[in-house]
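Okay, so here's the structure we're looking at.
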Amino acid sequence: MNDVTPAEARAALADLDRNRVELATSMDAPFLRHFAFAVTAAVMMLSATSPKLIGLTALAMLGVVAILRWDRNRYGVFVNGYRVGKTFPVTIALLVALIGSLVVAARVREHGEVWIGYGAAAFAFVAALAASYAWQIVYKREMGA
Amino acid sequence: MSGGLDPLIHPPARLQVMGLLAKVSEIEFGRLRDLVGVSDSLLSKHLAALGEAGYVDLRKAALDGRQRTWVAATLAGGRAFSAHLAALQALAGVGAG
């Protein structure tokens with residue numbers, strides 16, 4: 001194979017960047033997508049902090065499946081939220097926030113404060129909504145968009 | 001091929017394919033075709049070559065009543081692309097990105 005010149009290498013890299021930007025800009029999720037993710041996180045948290053609502057876990061799982069199907073159908077792409085890349089810290093931050101909330105909720109409920117499940121769910125909603133938007137911003141930046 | 005470049009990945013369409021796969025978990029065949037800007041048959045040939053080398057995996061799954069093909073890079077493919085990209089960047093005189 002002929003040697004590649006620096007100009008050819010730069011052209012190849014420029015094409016790569018263009019394609020990635022095109023992909024990233026086409027994947028702007030509407031508000032409803034972020035909202036659905038946040039609702040799923042809230043439902044999951046509610047089911048985890050209130051023993052009587054444990055059945056909501058199945059609803060949350062269905063929500064996750066529905067969101068993934070929607071993503072694949074709309075974008076023709078699936079990007080794993082746990083992917084290694086610049087988005088990983090966002091995912092970890094959300095996990096830490098949710099697990100922390102779960103631990104605090106468990107401690108508070110030991111003292112008979114049954115409302116805590118709803119408070120934790122509200123926190124999970126806000127944290128997941130913020131993380132969903134942040135993840136998208138960081139991913140697009142990583143792709144050069 | 002010179003300087004660590006992978007001759008299997010270097011053809012422009014294959015480079016674009018691997019470059020996109022490096023940033024997603026998997027992508028639908030039609031979406032990939034549109035982004036790379038080649039025909040169905042040409043993309044199939046490229047994917048066959050990359051698949052034979054163990055760089056990509058293809059799977060078929062139904063979505064909304066239609067059978068679709070999903071493409072993902074393998075671990076080996078990801079590594080090969082990273083090495084090729086680094087070699088390209090070194091040749092172009094740009095930093096890693």
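Within each chain, counting starts at residue 1; across the structure tokens, chains are named A, B, ... in the order shown, with ligands numbered 1 upward in that order.
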
Would you mind listing, as a short mmCIF file (atom, residue, chain, number, x, y, z; two decimals) with N, CA, C and O atoms, in the first residue's frame, all residues of chain B that have at least one atom within 9 Å of chain A, where only C-alpha atoms are what counts?
data_model
loop_
_atom_site.label_atom_id
_atom_site.label_comp_id
_atom_site.auth_asym_id
_atom_site.auth_seq_id
_atom_site.Cartn_x
_atom_site.Cartn_y
_atom_site.Cartn_z
N MET B 1 1.91 -1.07 5.08
CA MET B 1 1.49 0.34 5.26
C MET B 1 2.38 0.98 6.32
O MET B 1 2.85 0.31 7.21
N SER B 2 2.60 2.27 6.20
CA SER B 2 3.58 2.93 7.04
C SER B 2 3.05 3.28 8.42
O SER B 2 1.84 3.46 8.61
N GLY B 3 3.98 3.36 9.37
CA GLY B 3 3.76 4.02 10.66
C GLY B 3 2.60 3.52 11.49
O GLY B 3 1.96 4.32 12.17
N LEU B 5 -0.29 2.29 10.60
CA LEU B 5 -1.61 2.36 9.99
C LEU B 5 -2.10 0.96 9.63
O LEU B 5 -1.33 0.12 9.18
N PRO B 7 -4.05 -1.37 7.27
CA PRO B 7 -4.55 -1.34 5.89
C PRO B 7 -6.02 -1.77 5.79
O PRO B 7 -6.72 -1.39 4.85
N HIS B 10 -7.92 1.52 6.85
CA HIS B 10 -7.59 2.79 6.21
C HIS B 10 -8.51 3.24 5.07
O HIS B 10 -8.71 4.45 4.91
N PRO B 12 -11.28 4.90 3.11
CA PRO B 12 -12.10 5.97 3.69
C PRO B 12 -13.41 5.51 4.32
O PRO B 12 -13.73 5.89 5.44
N LEU B 15 -12.79 3.56 7.52
CA LEU B 15 -12.33 4.46 8.58
C LEU B 15 -13.53 5.17 9.21
O LEU B 15 -13.63 5.28 10.43
N GLN B 16 -14.45 5.63 8.35
CA GLN B 16 -15.64 6.30 8.87
C GLN B 16 -16.49 5.33 9.69
O GLN B 16 -17.02 5.67 10.75
N GLY B 19 -14.75 4.73 12.91
CA GLY B 19 -14.76 5.98 13.69
C GLY B 19 -16.09 6.22 14.36
O GLY B 19 -16.16 6.70 15.50
N LEU B 20 -17.17 5.89 13.67
CA LEU B 20 -18.50 6.05 14.26
C LEU B 20 -18.75 4.97 15.31
O LEU B 20 -19.28 5.24 16.39
N LYS B 23 -17.69 5.44 18.89
CA LYS B 23 -18.39 6.40 19.76
C LYS B 23 -19.81 5.97 20.10
O LYS B 23 -20.53 6.71 20.80
N VAL B 24 -20.26 4.83 19.59
CA VAL B 24 -21.60 4.34 19.94
C VAL B 24 -21.49 2.90 20.39
O VAL B 24 -20.46 2.25 20.16
N SER B 25 -22.53 2.39 21.01
CA SER B 25 -22.54 0.97 21.40
C SER B 25 -22.91 0.11 20.19
O SER B 25 -22.31 -0.92 19.94
N GLU B 26 -23.91 0.55 19.44
CA GLU B 26 -24.23 -0.07 18.17
C GLU B 26 -25.07 0.88 17.34
O GLU B 26 -25.71 1.79 17.87
N ILE B 27 -25.04 0.63 16.03
CA ILE B 27 -25.73 1.52 15.11
C ILE B 27 -26.43 0.68 14.05
O ILE B 27 -25.92 -0.37 13.63
N GLU B 28 -27.61 1.16 13.63
CA GLU B 28 -28.38 0.42 12.66
C GLU B 28 -27.77 0.58 11.27
O GLU B 28 -27.22 1.65 10.93
N PHE B 29 -27.82 -0.47 10.47
CA PHE B 29 -27.17 -0.53 9.16
C PHE B 29 -27.53 0.68 8.29
O PHE B 29 -26.64 1.32 7.72
N GLY B 30 -28.81 0.99 8.21
CA GLY B 30 -29.26 2.09 7.35
C GLY B 30 -28.72 3.44 7.80
O GLY B 30 -28.34 4.29 7.00
N ARG B 31 -28.68 3.63 9.11
CA ARG B 31 -28.15 4.87 9.69
C ARG B 31 -26.68 5.01 9.37
O ARG B 31 -26.19 6.07 8.98
N LEU B 32 -25.95 3.90 9.51
CA LEU B 32 -24.52 3.88 9.22
C LEU B 32 -24.28 4.18 7.74
O LEU B 32 -23.40 4.96 7.38
N LEU B 35 -24.78 7.86 7.06
CA LEU B 35 -23.70 8.71 7.62
C LEU B 35 -22.42 8.57 6.81
O LEU B 35 -21.73 9.56 6.55
N VAL B 36 -22.10 7.34 6.42
CA VAL B 36 -20.86 7.11 5.68
C VAL B 36 -21.02 7.53 4.23
O VAL B 36 -20.03 7.89 3.57
N LEU B 63 -37.46 -4.56 15.01
CA LEU B 63 -37.85 -3.32 15.68
C LEU B 63 -39.03 -2.75 14.90
O LEU B 63 -38.92 -2.51 13.70
N ASP B 64 -40.14 -2.57 15.62
CA ASP B 64 -41.37 -2.08 15.00
C ASP B 64 -41.76 -2.92 13.79
O ASP B 64 -42.11 -2.37 12.73
N TRP B 70 -27.92 -4.54 13.17
CA TRP B 70 -27.20 -3.64 14.06
C TRP B 70 -25.72 -3.98 14.04
O TRP B 70 -25.35 -5.15 14.06
N LEU B 85 -6.00 5.31 14.58
CA LEU B 85 -6.27 6.74 14.78
C LEU B 85 -5.04 7.46 15.31
O LEU B 85 -4.69 8.55 14.85
N LEU B 88 -2.64 7.90 12.51
CA LEU B 88 -3.10 8.96 11.61
C LEU B 88 -2.82 10.34 12.21
O LEU B 88 -2.37 11.26 11.51
N GLN B 89 -3.13 10.48 13.50
CA GLN B 89 -2.92 11.77 14.16
C GLN B 89 -1.43 12.12 14.21
O GLN B 89 -1.06 13.28 14.02
N ALA B 90 -0.59 11.12 14.43
CA ALA B 90 0.86 11.37 14.45
C ALA B 90 1.32 11.82 13.07
O ALA B 90 2.11 12.76 12.93
N LEU B 91 0.79 11.17 12.06
CA LEU B 91 1.15 11.52 10.68
C LEU B 91 0.67 12.92 10.33
O LEU B 91 1.35 13.70 9.66
N ALA B 92 -0.54 13.25 10.81
CA ALA B 92 -1.12 14.56 10.49
C ALA B 92 -0.53 15.66 11.34
O ALA B 92 -0.73 16.84 11.06
N GLY B 93 0.18 15.27 12.42
CA GLY B 93 0.79 16.27 13.28
C GLY B 93 -0.19 16.93 14.21
O GLY B 93 -0.05 18.09 14.59
N VAL B 94 -1.27 16.15 14.59
CA VAL B 94 -2.24 16.70 15.53
C VAL B 94 -2.20 15.87 16.81
O VAL B 94 -1.74 14.72 16.80
N GLY B 97 -7.26 12.99 20.27
CA GLY B 97 -8.57 13.55 20.59
C GLY B 97 -9.67 12.51 20.70
O GLY B 97 -9.47 11.38 20.50
#

Could you please write out, as a compact mmCIF listing (two decimals) with C-alpha atoms, in the first residue's frame, every residue of chain B that DSSP assigns to strand (DSSP E)?
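Result saved to result_20.txt:
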# COMPACT_ATOMS: atom_id res chain seq x y z
CA GLU B 26 -24.23 -0.07 18.17
CA ILE B 27 -25.73 1.52 15.11
CA GLU B 28 -28.38 0.42 12.66
CA VAL B 56 -17.18 -5.70 13.94
CA ASP B 57 -20.15 -7.78 15.00
CA LEU B 58 -23.48 -7.80 13.22
CA ARG B 59 -26.76 -8.88 14.73
CA LYS B 60 -30.27 -8.91 13.41
CA ALA B 61 -33.18 -7.79 15.55
CA ALA B 62 -36.78 -6.85 14.90
CA LEU B 63 -37.85 -3.32 15.68
CA ARG B 66 -39.07 -4.75 10.66
CA GLN B 67 -35.95 -6.84 10.71
CA ARG B 68 -32.92 -4.61 11.15
CA THR B 69 -29.18 -5.19 11.24
CA TRP B 70 -27.20 -3.64 14.06
CA VAL B 71 -23.46 -3.10 13.86
CA ALA B 72 -21.05 -2.83 16.77
CA ALA B 73 -17.28 -2.74 17.06

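Taking stretch 7-40 of chain B and asking which residues DSSP calls alpha helix (DSSP H) on the backbone, you get Pro12, Ala13, Arg14, Leu15, Gln16, Val17, Met18, Gly19, Leu20, Leu21, Phe29, Gly30, Arg31, Leu32, Arg33, Asp34, Leu35, Val36 and Asp40 of chain B.
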
- Message: So that I can see what lies close to A:Leu56, please list as number ranges by chain the residues with an atom at most 9 Å from it, counting only C-alpha atoms and leaving out residues fewer than 5 positions away in the same chain.
- Response: A: 43-44, 46-48, 61

- Task: Kindly give the distance, in Å, that separates atom CA of A:Arg74 and atom CA of A:Met27, rounded to a single decimal.
- Result: 8.7 Å

- Task: Choose the residue, out of B:Thr74, B:Gly65, B:Ala13, B:Ala87, that has the smallest atom-to-atom separation from B:Ser44; count only C-alpha atoms.
- Result: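 With only C-alpha atoms as the atom set, the closest residue is B:Ala13.
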
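The two atoms in question, atom CA of A:Met45 and atom CA of A:Ala121, are spaced 5.2 Å apart.
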
- What gap, in Å, lies between atom CA of B:His46 and atom CA of B:Met18?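 So the two atoms, atom CA of B:His46 and atom CA of B:Met18, lie 10.5 Å apart.
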